[in-house]
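What follows is the content of run_11.cif, which has mmCIF, C-alpha atoms and all ligand atoms:
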data_coords
#
loop_
_atom_site.label_atom_id
_atom_site.label_comp_id
_atom_site.auth_asym_id
_atom_site.auth_seq_id
_atom_site.Cartn_x
_atom_site.Cartn_y
_atom_site.Cartn_z
CA MET A 67 -22.24 -4.46 -12.95
CA GLY A 68 -24.66 -1.51 -12.95
CA SER A 69 -23.63 1.84 -14.38
CA ASN A 70 -22.83 3.57 -11.11
CA ALA A 71 -22.97 1.04 -8.35
CA LEU A 72 -20.20 -1.25 -7.31
CA ASP A 73 -21.26 -4.24 -5.29
CA LEU A 74 -18.07 -5.20 -3.52
CA PRO A 75 -17.84 -8.33 -1.38
CA ILE A 76 -17.71 -7.73 2.36
CA ILE A 77 -15.31 -9.85 4.37
CA ASP A 78 -16.38 -9.86 8.01
CA MET A 79 -13.29 -10.56 10.09
CA ALA A 80 -15.52 -11.35 13.09
CA LYS A 81 -16.61 -14.41 11.07
CA ALA A 82 -13.14 -15.41 9.85
CA TYR A 83 -13.20 -18.41 12.20
CA SER A 84 -16.91 -19.13 12.74
CA ASN A 85 -17.72 -18.97 9.00
CA ARG A 86 -14.28 -19.75 7.64
CA GLU A 87 -15.28 -21.54 4.42
CA GLU A 88 -17.84 -18.89 3.52
CA MET A 89 -15.38 -16.02 4.06
CA ALA A 90 -12.67 -17.94 2.18
CA LYS A 91 -14.93 -18.34 -0.85
CA LYS A 92 -15.82 -14.65 -0.74
CA VAL A 93 -12.17 -13.57 -0.66
CA VAL A 94 -11.34 -15.69 -3.70
CA HIS A 95 -14.45 -14.59 -5.57
CA GLY A 96 -13.67 -10.93 -4.86
CA LEU A 97 -10.06 -11.25 -6.00
CA GLU A 98 -11.12 -13.06 -9.17
CA ASN A 99 -13.74 -10.46 -10.06
CA SER A 100 -13.76 -6.81 -8.90
CA GLY A 101 -10.32 -7.05 -7.26
CA PHE A 102 -11.64 -4.74 -4.51
CA LEU A 103 -13.23 -5.87 -1.24
CA PHE A 104 -14.44 -4.34 2.00
CA ILE A 105 -12.96 -5.67 5.25
CA ASP A 106 -15.28 -5.22 8.23
CA ASN A 107 -14.71 -5.67 11.96
CA VAL A 108 -10.94 -5.60 12.22
CA ASP A 109 -10.40 -6.13 15.92
CA LYS A 110 -8.77 -3.21 17.79
CA LEU A 111 -8.33 -1.08 14.65
CA ASP A 112 -8.82 2.54 15.72
CA TYR A 113 -9.92 4.63 12.72
CA ASP A 114 -10.36 7.80 14.80
CA GLY A 115 -6.82 7.38 16.09
CA LEU A 116 -5.53 7.11 12.52
CA TYR A 117 -7.37 10.29 11.62
CA LYS A 118 -5.86 12.04 14.63
CA ALA A 119 -2.41 10.82 13.60
CA CYS A 120 -2.91 12.34 10.14
CA LYS A 121 -4.10 15.66 11.53
CA TRP A 122 -1.37 15.76 14.18
CA PHE A 123 1.37 15.32 11.61
CA PHE A 124 0.09 17.08 8.50
CA ASP A 125 -1.08 20.21 10.36
CA LYS A 126 2.51 20.85 11.45
CA PRO A 127 4.61 23.47 9.60
CA ILE A 128 6.94 22.42 6.79
CA GLU A 129 10.06 23.17 8.91
CA TYR A 130 8.92 20.45 11.28
CA LYS A 131 8.19 17.99 8.47
CA ARG A 132 11.65 18.69 7.04
CA THR A 133 13.18 16.84 9.99
CA VAL A 134 11.91 13.54 8.54
CA MET A 135 11.85 14.56 4.87
CA ARG A 136 13.51 12.21 2.39
CA ASN A 137 16.99 13.02 1.16
CA PHE A 138 15.65 13.76 -2.35
CA TRP A 139 13.97 16.92 -0.98
CA ASN A 140 16.14 17.55 2.05
CA PRO A 141 19.79 16.63 1.36
CA GLU A 142 20.57 17.11 5.08
CA ASN A 143 18.74 13.87 5.83
CA LYS A 144 20.01 10.36 5.15
CA ASN A 145 16.65 8.59 4.67
CA ILE A 146 16.04 7.92 0.99
CA TYR A 147 13.02 5.55 1.14
CA ARG A 148 11.13 6.13 4.40
CA GLY A 149 9.93 9.34 5.99
CA TYR A 150 8.11 12.42 4.68
CA PHE A 151 7.52 13.41 1.06
CA PRO A 152 6.05 16.82 0.20
CA VAL A 153 3.47 17.83 -2.39
CA ASN A 154 5.17 18.12 -5.76
CA GLU A 155 3.67 21.07 -7.58
CA GLY A 156 2.75 20.33 -11.18
CA GLU A 157 2.40 16.57 -10.59
CA PRO A 158 -1.07 15.05 -11.12
CA SER A 159 -0.52 13.05 -7.94
CA ARG A 160 -1.26 15.77 -5.41
CA LYS A 161 -0.28 14.54 -1.98
CA GLU A 162 2.12 14.72 0.89
CA GLY A 163 2.84 11.62 2.91
CA PHE A 164 4.66 10.02 5.80
CA GLU A 165 5.92 6.46 5.37
CA PHE A 166 7.42 4.04 7.82
CA ALA A 167 8.18 0.35 8.19
CA ARG A 168 8.88 -2.15 10.94
CA ASP A 169 12.59 -1.69 11.65
CA ILE A 170 14.92 -4.65 11.39
CA LYS A 171 17.69 -5.42 13.87
CA GLU A 172 20.48 -2.89 13.54
CA ASN A 173 23.62 -4.05 11.68
CA ASP A 174 22.05 -7.38 10.73
CA PRO A 175 24.93 -9.06 8.85
CA THR A 176 22.46 -10.87 6.58
CA VAL A 177 21.19 -7.59 5.08
CA ALA A 178 23.45 -5.75 2.63
CA SER A 179 24.35 -2.32 4.03
CA ASN A 180 23.19 -0.63 0.78
CA ASN A 181 19.77 -2.32 0.90
CA TRP A 182 17.66 0.80 1.47
CA PHE A 183 14.42 -1.23 1.57
CA TYR A 184 15.47 -1.85 5.17
CA GLU A 185 16.64 1.62 6.15
CA LYS A 186 15.50 2.71 9.60
CA SER A 187 12.29 4.73 9.60
CA PRO A 188 12.78 8.32 10.81
CA TRP A 189 10.25 9.49 13.41
CA PRO A 190 9.37 13.11 14.16
CA GLU A 191 9.84 14.51 17.63
CA GLU A 192 6.59 14.38 19.61
CA ASP A 193 4.93 17.18 21.57
CA GLY A 194 2.79 15.07 23.91
CA ALA A 195 -0.46 15.88 22.08
CA PHE A 196 -0.62 12.50 20.30
CA PRO A 197 1.44 9.29 20.71
CA PHE A 198 2.31 9.24 17.01
CA LYS A 199 5.05 6.59 16.91
CA SER A 200 3.64 4.08 19.40
CA PHE A 201 0.12 4.36 18.01
CA LEU A 202 1.25 3.84 14.42
CA GLN A 203 3.62 1.00 15.26
CA GLY A 204 0.77 -0.74 17.10
CA THR A 205 -1.57 -0.21 14.16
CA TYR A 206 1.05 -1.61 11.79
CA GLU A 207 0.98 -4.92 13.69
CA ILE A 208 -2.84 -5.05 13.66
CA LEU A 209 -2.89 -4.58 9.88
CA HIS A 210 -0.02 -7.01 9.34
CA ASN A 211 -1.95 -9.72 11.17
CA THR A 212 -5.18 -8.83 9.36
CA ALA A 213 -3.49 -9.12 5.97
CA LEU A 214 -2.06 -12.52 6.92
CA GLU A 215 -5.50 -13.68 8.08
CA ILE A 216 -7.03 -12.62 4.77
CA LEU A 217 -4.31 -14.49 2.87
CA ARG A 218 -5.09 -17.59 4.93
CA LEU A 219 -8.71 -17.25 3.85
CA ALA A 220 -7.53 -16.86 0.25
CA ALA A 221 -5.45 -20.04 0.59
CA ILE A 222 -8.42 -21.99 1.98
CA GLY A 223 -10.56 -20.68 -0.89
CA LEU A 224 -7.86 -21.82 -3.34
CA LYS A 225 -7.84 -25.24 -1.64
CA ILE A 226 -4.15 -25.06 -0.80
CA GLU A 227 -2.42 -25.30 2.56
CA GLU A 228 -3.74 -22.50 4.80
CA ASN A 229 -0.33 -20.97 5.55
CA SER A 230 0.94 -21.07 1.96
CA PHE A 231 1.36 -17.29 1.81
CA ASP A 232 2.77 -16.77 5.32
CA GLU A 233 6.38 -17.58 4.52
CA ILE A 234 7.28 -14.57 2.39
CA PHE A 235 5.99 -12.16 5.07
CA ALA A 236 7.24 -13.99 8.14
CA TYR A 237 10.72 -12.56 8.10
CA ARG A 238 11.49 -8.87 7.42
CA PRO A 239 8.54 -7.81 5.26
CA CYS A 240 9.20 -4.69 3.13
CA THR A 241 5.71 -3.39 3.94
CA THR A 242 5.19 0.37 3.82
CA PHE A 243 2.62 2.03 6.06
CA ARG A 244 1.76 5.46 4.61
CA LEU A 245 -0.27 8.39 5.94
CA MET A 246 -1.44 10.71 3.16
CA HIS A 247 -2.88 14.17 2.94
CA TYR A 248 -4.25 15.45 -0.35
CA PRO A 249 -4.60 19.24 -0.29
CA PRO A 250 -7.16 20.49 -2.85
CA TRP A 251 -5.85 22.03 -6.06
CA GLU A 252 -5.05 25.72 -5.79
CA GLY A 253 -5.93 27.50 -9.01
CA GLU A 254 -5.92 25.61 -12.30
CA PRO A 255 -4.74 21.97 -12.03
CA PRO A 256 -2.07 20.87 -14.53
CA LYS A 257 -3.30 19.32 -17.79
CA SER A 258 -2.03 15.91 -16.65
CA ALA A 259 -4.62 15.96 -13.83
CA TYR A 260 -7.54 15.93 -16.30
CA THR A 261 -8.96 12.54 -17.24
CA ASP A 262 -10.36 11.52 -20.63
CA ASP A 263 -13.83 11.66 -19.10
CA GLY A 264 -13.34 15.28 -18.03
CA LYS A 265 -12.67 14.85 -14.32
CA VAL A 266 -9.77 16.12 -12.23
CA VAL A 267 -7.65 13.62 -10.28
CA ILE A 268 -5.48 13.90 -7.20
CA THR A 269 -4.09 10.40 -7.88
CA PRO A 270 -3.98 9.25 -11.51
CA ALA A 271 -5.09 5.79 -12.63
CA HIS A 272 -2.72 3.07 -11.49
CA THR A 273 -2.43 -0.45 -10.18
CA ASP A 274 -0.64 -0.90 -6.88
CA THR A 275 2.75 -2.59 -7.22
CA ASN A 276 2.98 -4.25 -3.79
CA PHE A 277 1.27 -7.50 -2.77
CA LEU A 278 -1.94 -6.43 -1.00
CA THR A 279 -3.25 -3.05 0.16
CA LEU A 280 -5.48 -2.35 3.17
CA LEU A 281 -6.78 1.19 2.85
CA THR A 282 -8.25 3.35 5.60
CA ARG A 283 -10.10 6.11 3.75
CA PHE A 284 -12.22 7.52 6.57
CA ASN A 285 -15.45 8.62 4.92
CA TYR A 286 -14.10 10.56 1.99
CA GLY A 287 -15.38 10.03 -1.52
CA GLY A 288 -13.26 10.22 -4.63
CA LEU A 289 -11.95 6.65 -4.95
CA GLU A 290 -12.88 5.12 -8.30
CA VAL A 291 -12.11 1.71 -9.77
CA GLN A 292 -12.12 0.65 -13.39
CA THR A 293 -14.36 -2.21 -14.49
CA ASP A 294 -13.49 -4.75 -17.19
CA SER A 295 -15.39 -2.64 -19.71
CA GLY A 296 -13.23 0.39 -18.91
CA GLU A 297 -15.93 2.28 -16.99
CA TRP A 298 -14.91 4.20 -13.85
CA ILE A 299 -17.12 3.59 -10.81
CA GLU A 300 -16.90 5.17 -7.36
CA VAL A 301 -16.31 2.97 -4.32
CA ASP A 302 -18.87 4.27 -1.83
CA PRO A 303 -17.48 5.09 1.60
CA ARG A 304 -18.21 2.37 4.14
CA PRO A 305 -17.66 3.63 7.70
CA GLY A 306 -15.72 1.29 9.97
CA SER A 307 -14.42 -0.75 7.07
CA LEU A 308 -11.13 -1.09 5.21
CA VAL A 309 -10.92 -1.20 1.44
CA MET A 310 -8.73 -4.00 0.20
CA ASN A 311 -7.18 -4.54 -3.20
CA ILE A 312 -4.16 -6.41 -4.49
CA GLY A 313 -1.13 -5.20 -6.39
CA ASP A 314 0.84 -6.41 -9.42
CA THR A 315 3.05 -8.70 -7.33
CA PHE A 316 0.21 -10.97 -6.17
CA SER A 317 -1.68 -10.83 -9.46
CA ARG A 318 1.41 -11.86 -11.40
CA MET A 319 2.14 -14.77 -9.03
CA MET A 320 -1.42 -15.96 -9.69
CA GLY A 321 -1.09 -15.66 -13.47
CA GLY A 322 -3.71 -12.90 -13.49
CA ARG A 323 -6.37 -15.11 -11.89
CA PHE A 324 -6.48 -12.59 -9.03
CA LYS A 325 -6.87 -9.05 -10.30
CA ALA A 326 -4.79 -5.96 -9.62
CA THR A 327 -7.57 -3.51 -10.50
CA ARG A 328 -6.82 -0.02 -11.80
CA HIS A 329 -8.06 2.77 -9.57
CA ARG A 330 -7.70 6.54 -9.19
CA VAL A 331 -8.71 9.34 -6.83
CA ILE A 332 -10.88 12.23 -8.02
CA ASP A 333 -10.42 15.72 -6.58
CA ILE A 334 -13.09 16.30 -3.93
CA GLN A 335 -12.10 19.97 -3.55
CA GLU A 336 -11.39 19.69 0.14
CA ASP A 337 -8.56 18.31 2.24
CA ARG A 338 -8.60 14.53 2.03
CA TYR A 339 -6.72 12.01 4.17
CA ALA A 340 -6.12 8.32 3.48
CA VAL A 341 -3.93 5.67 5.06
CA PRO A 342 -2.85 2.75 2.88
CA PHE A 343 -1.01 -0.22 4.39
CA PHE A 344 1.05 -1.65 1.52
CA PHE A 345 1.60 -5.26 2.61
CA THR A 346 4.79 -6.40 0.96
CA PRO A 347 6.98 -9.55 1.00
CA SER A 348 10.54 -9.61 2.27
CA TYR A 349 13.33 -8.58 -0.12
CA ASP A 350 14.25 -12.24 -0.65
CA GLY A 351 10.64 -13.50 -0.63
CA ASP A 352 9.82 -15.73 -3.60
CA ILE A 353 7.26 -13.99 -5.79
CA GLY A 354 7.95 -16.11 -8.89
CA ILE A 355 5.20 -16.80 -11.44
CA ASN A 356 3.02 -19.93 -11.31
CA PHE A 357 2.70 -19.81 -7.55
CA MET A 358 -0.11 -22.40 -7.69
CA THR A 359 2.35 -24.95 -9.08
CA LYS A 360 4.58 -24.33 -6.08
CA ALA A 361 1.59 -24.77 -3.76
CA THR A 362 0.06 -27.85 -5.43
CA GLY A 363 2.90 -29.50 -7.35
CA LEU A 364 0.76 -29.37 -10.49
CA GLY A 365 0.91 -27.01 -13.45
CA PRO A 366 3.42 -24.97 -15.46
CA GLU A 367 6.88 -24.50 -14.02
CA HIS A 368 7.35 -22.19 -11.05
CA LYS A 369 10.63 -20.29 -11.02
CA VAL A 370 11.92 -18.73 -7.82
CA GLU A 371 12.17 -14.94 -8.18
CA ARG A 372 13.06 -12.56 -5.36
CA TYR A 373 10.73 -9.67 -4.58
CA GLY A 374 13.34 -6.91 -4.04
CA PRO A 375 15.19 -7.05 -7.37
CA TRP A 376 11.91 -7.55 -9.25
CA VAL A 377 10.07 -4.64 -7.66
CA LEU A 378 13.00 -2.25 -7.92
CA ASP A 379 13.06 -2.86 -11.67
CA VAL A 380 9.31 -2.16 -11.84
CA ILE A 381 9.24 1.08 -9.83
CA LYS A 382 12.51 2.50 -11.12
CA TYR A 383 12.72 1.40 -14.75
CA GLN A 384 9.18 0.45 -15.82
CA LYS A 385 6.67 2.61 -13.92
CA LYS A 386 9.41 5.25 -13.43
CA TYR A 387 7.73 6.88 -10.41
CA PHE A 388 9.60 10.15 -10.16
CA GLU A 389 10.39 9.79 -6.48
CA TYR A 390 11.80 6.28 -7.07
CA ARG A 391 13.77 7.00 -10.25
CA VAL A 392 16.50 8.43 -8.05
CA LEU A 393 16.83 5.37 -5.85
CA PRO A 394 20.17 3.61 -6.31
CA ASP A 395 20.41 0.05 -7.62
CA ILE A 396 21.11 -2.45 -4.86
CA GLU A 397 22.73 -5.33 -6.69
CA PRO A 398 23.84 -6.04 -10.26
CA LYS A 399 21.09 -7.32 -12.57
CA GLU A 400 20.80 -11.10 -12.88
CA HIS A 401 21.15 -12.58 -16.35
O1 LIG A 501 -6.56 7.69 -1.40
C1 LIG A 501 -7.15 6.69 -1.82
O2 LIG A 501 -8.36 6.53 -1.64
C2 LIG A 501 -6.39 5.64 -2.60
C3 LIG A 501 -4.93 5.88 -2.71
C4 LIG A 501 -4.22 4.89 -3.59
O3 LIG A 501 -4.76 4.30 -4.47
C5 LIG A 501 -2.78 4.62 -3.36
O4 LIG A 501 -2.14 5.32 -2.56
O5 LIG A 501 -2.25 3.67 -3.99
FE FE A 502 -3.53 2.63 -5.15
#

Represent the structure of the file as structure tokens.
Amino acid sequence: MGSNALDLPIIDMAKAYSNREEMAKKVVHGLENSGFLFIDNVDKLDYDGLYKACKWFFDKPIEYKRTVMRNFWNPENKNIYRGYFPVNEGEPSRKEGFEFARDIKENDPTVASNNWFYEKSPWPEEDGAFPFKSFLQGTYEILHNTALEILRLAAIGLKIEENSFDEIFAYRPCTTFRLMHYPPWEGEPPKSAYTDDGKVVITPAHTDTNFLTLLTRFNYGGLEVQTDSGEWIEVDPRPGSLVMNIGDTFSRMMGGRFKATRHRVIDIQEDRYAVPFFFTPSYDGDIGINFMTKATGLGPEHKVERYGPWVLDVIKYQKKYFEYRVLPDIEPKEH
């Protein structure tokens, strides 16, 4: 890899059927190497609409945002996992966001009532200027189907049954769709926002925890990924394209063969918007290690492990994200 160019594979969804084998190989190659890919030509995906949704919501006053703010910041509200989170002054992660999911059937007796992964998403009241809820719910389904299509390509590239990954997303995925606004730093950023190489971040280095991320980043700069040699390289904006990467969940299932690449966002000193779709299995979805053994019948033992309990342990007790530390446990730990 050159010193400041990142040659990411481009997956053209318009060729997902006509050139299926070629695209499948590219997906696998990208996930085995850089861990980041561009996704072109997603049918019906409206980037301008997503930008309008961000502006419509984030330009509103804080009193308005408080109506959907999480309980951690607004104790009047019940939502603890979905909804709005404000900028937290002093944190190196400088963003406000709105998160929602696809709601499940109300009072589903097969979902524990304390399972907040499935709490209903709160929606802000609309003023007629932009169809916020219906537009975003429609976009959720487009991205859900795109992610599944990409996983089918990955399965073909891995020479396993095409729908091998479908099952854990088919029923009640825990996917989070998040709109984000990064306001520029005001005054001196906190020390924790400075990197070893002397830059200022608005999102510190991390791997995603979920399964697969499809990121709409409009045409902003600032996104950097870390190469195997530890170098940080910017992902150039690519208009009309999504950036895809995978999270710890998928990488771990694949024994590290597919990479969850570390990335960060550098301060661009202007308002920045980004919209990640965090594609995530269902709470009970099997994300156990040695997935390839499950898919092929060959290899080291695969043990069934449920996504929900595993990920809660990661975000609450291992990564200790401050906004998740406060989330209650859902079930006693298994021994
Ligand atoms: O804003 C971006 O470009 C990336 C954000 C990101 O990495 C994340 O939210 O996990
Ligand atoms: Fe990320």

What does the distance between CA of Met135 in chain A and CA of Phe164 in chain A come to in Å, to one decimal place? 8.6 Å

List the spatial neighbours of Phe123 in chain A as a PDB file with C-alpha atoms, in the frame of the given file - criterion: any atom at most 10 Å away, only C-alpha atoms, same-chain residues fewer than 2 positions off excluded.
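Saved to around05.pdb:
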ATOM      1  CA  LYS A 118      -5.860  12.040  14.630  1.00  0.00           C
ATOM      2  CA  ALA A 119      -2.410  10.820  13.600  1.00  0.00           C
ATOM      3  CA  CYS A 120      -2.910  12.340  10.140  1.00  0.00           C
ATOM      4  CA  LYS A 121      -4.100  15.660  11.530  1.00  0.00           C
ATOM      5  CA  ASP A 125      -1.080  20.210  10.360  1.00  0.00           C
ATOM      6  CA  LYS A 126       2.510  20.850  11.450  1.00  0.00           C
ATOM      7  CA  PRO A 127       4.610  23.470   9.600  1.00  0.00           C
ATOM      8  CA  TYR A 130       8.920  20.450  11.280  1.00  0.00           C
ATOM      9  CA  LYS A 131       8.190  17.990   8.470  1.00  0.00           C
ATOM     10  CA  GLY A 163       2.840  11.620   2.910  1.00  0.00           C
ATOM     11  CA  PHE A 164       4.660  10.020   5.800  1.00  0.00           C
ATOM     12  CA  PRO A 190       9.370  13.110  14.160  1.00  0.00           C
ATOM     13  CA  GLU A 192       6.590  14.380  19.610  1.00  0.00           C
ATOM     14  CA  PHE A 196      -0.620  12.500  20.300  1.00  0.00           C
ATOM     15  CA  PHE A 198       2.310   9.240  17.010  1.00  0.00           C
ATOM     16  CA  LEU A 245      -0.270   8.390   5.940  1.00  0.00           C
ATOM     17  CA  HIS A 247      -2.880  14.170   2.940  1.00  0.00           C
TER      18      HIS A 247
END

Looking at only C-alpha atoms and all ligand atoms, which of A:Tyr150, A:Phe124, A:Tyr83, A:Phe343 is the one that sits closest to ligand FE 502 (chain A)?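 The closest residue to ligand FE 502 (chain A) is A:Phe343.
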
Which residues sit within 8 Å of ligand FE 502 (chain A), counting all atoms listed in the file, listed as a PyMOL selection string? chain A and resi 272-274+279+328-330

CA of Val341 in chain A to CA of Trp251 in chain A, straight-line distance in Å: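 Distance reported for this atom pair: 19.9 Å.
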
Please extract the residues at most 9 Å from ligand LIG 501 (chain A), counting all atoms listed in the file, and provide them as a ChimeraX atom specification, using the chain letters and residue numbers of this document. /A:244,246-248,268-275,279,281-283,286-290,309,328-332,338-344

Keeping only C-alpha atoms, take the residues you just selected and write them out as a CSV table (one decimal), in the coordinates of the input.
chain,number,residue,atom,x,y,z
A,244,ARG,CA,1.8,5.5,4.6
A,246,MET,CA,-1.4,10.7,3.2
A,247,HIS,CA,-2.9,14.2,2.9
A,248,TYR,CA,-4.2,15.4,-0.4
A,268,ILE,CA,-5.5,13.9,-7.2
A,269,THR,CA,-4.1,10.4,-7.9
A,270,PRO,CA,-4.0,9.2,-11.5
A,271,ALA,CA,-5.1,5.8,-12.6
A,272,HIS,CA,-2.7,3.1,-11.5
A,273,THR,CA,-2.4,-0.4,-10.2
A,274,ASP,CA,-0.6,-0.9,-6.9
A,275,THR,CA,2.8,-2.6,-7.2
A,279,THR,CA,-3.2,-3.0,0.2
A,281,LEU,CA,-6.8,1.2,2.8
A,282,THR,CA,-8.2,3.4,5.6
A,283,ARG,CA,-10.1,6.1,3.8
A,286,TYR,CA,-14.1,10.6,2.0
A,287,GLY,CA,-15.4,10.0,-1.5
A,288,GLY,CA,-13.3,10.2,-4.6
A,289,LEU,CA,-12.0,6.6,-5.0
A,290,GLU,CA,-12.9,5.1,-8.3
A,309,VAL,CA,-10.9,-1.2,1.4
A,328,ARG,CA,-6.8,0.0,-11.8
A,329,HIS,CA,-8.1,2.8,-9.6
A,330,ARG,CA,-7.7,6.5,-9.2
A,331,VAL,CA,-8.7,9.3,-6.8
A,332,ILE,CA,-10.9,12.2,-8.0
A,338,ARG,CA,-8.6,14.5,2.0
A,339,TYR,CA,-6.7,12.0,4.2
A,340,ALA,CA,-6.1,8.3,3.5
A,341,VAL,CA,-3.9,5.7,5.1
A,342,PRO,CA,-2.8,2.8,2.9
A,343,PHE,CA,-1.0,-0.2,4.4
A,344,PHE,CA,1.0,-1.6,1.5

Would you mind telling me which residue in A:Gly264, A:Gly96, A:Gly365, A:Pro398 lies nearest to Ile216 in chain A when using all atoms listed in the file?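 Of A:Gly264, A:Gly96, A:Gly365, A:Pro398, the one nearest Ile216 in chain A is A:Gly96, counting all atoms listed in the file.
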
Record the distance separating CA of Val291 in chain A and CA of Tyr206 in chain A, expressed in Å with one decimal.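 Value for the CA of Val291 in chain A-CA of Tyr206 in chain A distance: 25.5 Å.
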
Could you tell me which of A:Leu116, A:Leu308, A:Met79, A:Thr241 comes closest to Phe166 in chain A if we count only C-alpha atoms?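 Using only C-alpha atoms, Phe166 in chain A sits closest to A:Thr241.
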
Between A:Arg304, A:Lys369, A:Lys386, A:Arg132, which is the closest to Asp73 in chain A once you count all atoms listed in the file?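 Answer, going by the shortest atom-to-atom distance: A:Arg304.
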
Residue among A:Thr327, A:Ser348, A:Ser307, A:Asn143 lying closest to Arg168 in chain A, counting only C-alpha atoms: A:Ser348

Counting all atoms listed in the file, figure out which residue out of A:Gly115, A:Ala236, A:Glu227, A:Asp78 gets nearest to Ser200 in chain A.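 Looking only at the distances to Ser200 in chain A, the closest residue turns out to be A:Gly115.
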
If you count all atoms listed in the file, which residues fall within 8 Å of Asn311 in chain A, apart from same-chain ones fewer than 2 positions away, as a CSV table (one decimal) with C-alpha atoms, keeping the file's coordinate frame?
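Contents of the output file part.csv:
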chain,number,residue,atom,x,y,z
A,97,LEU,CA,-10.1,-11.2,-6.0
A,101,GLY,CA,-10.3,-7.0,-7.3
A,102,PHE,CA,-11.6,-4.7,-4.5
A,103,LEU,CA,-13.2,-5.9,-1.2
A,278,LEU,CA,-1.9,-6.4,-1.0
A,279,THR,CA,-3.2,-3.0,0.2
A,280,LEU,CA,-5.5,-2.4,3.2
A,309,VAL,CA,-10.9,-1.2,1.4
A,313,GLY,CA,-1.1,-5.2,-6.4
A,326,ALA,CA,-4.8,-6.0,-9.6
A,327,THR,CA,-7.6,-3.5,-10.5

Could you give me the centre and size, in Å to one decimal, of an axis-aligned box around all listed atoms of range 178-185 of chain A with 5 Å added on every side, as JSON?
{"center_x": 19.4, "center_y": -2.1, "center_z": 3.5, "size_x": 19.9, "size_y": 17.4, "size_z": 15.4}

Find the residues around Lys186 in chain A up to 9 Å (all atoms listed in the file counted), leave out those fewer than 6 positions away in its own chain, and share them as a PyMOL selection string. chain A and resi 145+148+166-170+172

Could the residues in this selection be written to a file with C-alpha atoms, as a PDB file, in the frame of the given file?
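Written out: selection.pdb:
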ATOM      1  CA  ASN A 145      16.650   8.590   4.670  1.00  0.00           C
ATOM      2  CA  ARG A 148      11.130   6.130   4.400  1.00  0.00           C
ATOM      3  CA  PHE A 166       7.420   4.040   7.820  1.00  0.00           C
ATOM      4  CA  ALA A 167       8.180   0.350   8.190  1.00  0.00           C
ATOM      5  CA  ARG A 168       8.880  -2.150  10.940  1.00  0.00           C
ATOM      6  CA  ASP A 169      12.590  -1.690  11.650  1.00  0.00           C
ATOM      7  CA  ILE A 170      14.920  -4.650  11.390  1.00  0.00           C
ATOM      8  CA  GLU A 172      20.480  -2.890  13.540  1.00  0.00           C
TER       9      GLU A 172
END

Please provide as a VMD selection string all residues within 9 Å of Thr293 in chain A, with the sequence filter that same-chain residues fewer than 4 positions apart are discarded (counting only C-alpha atoms). chain A and resid 67 100 297 to 299 327 to 328
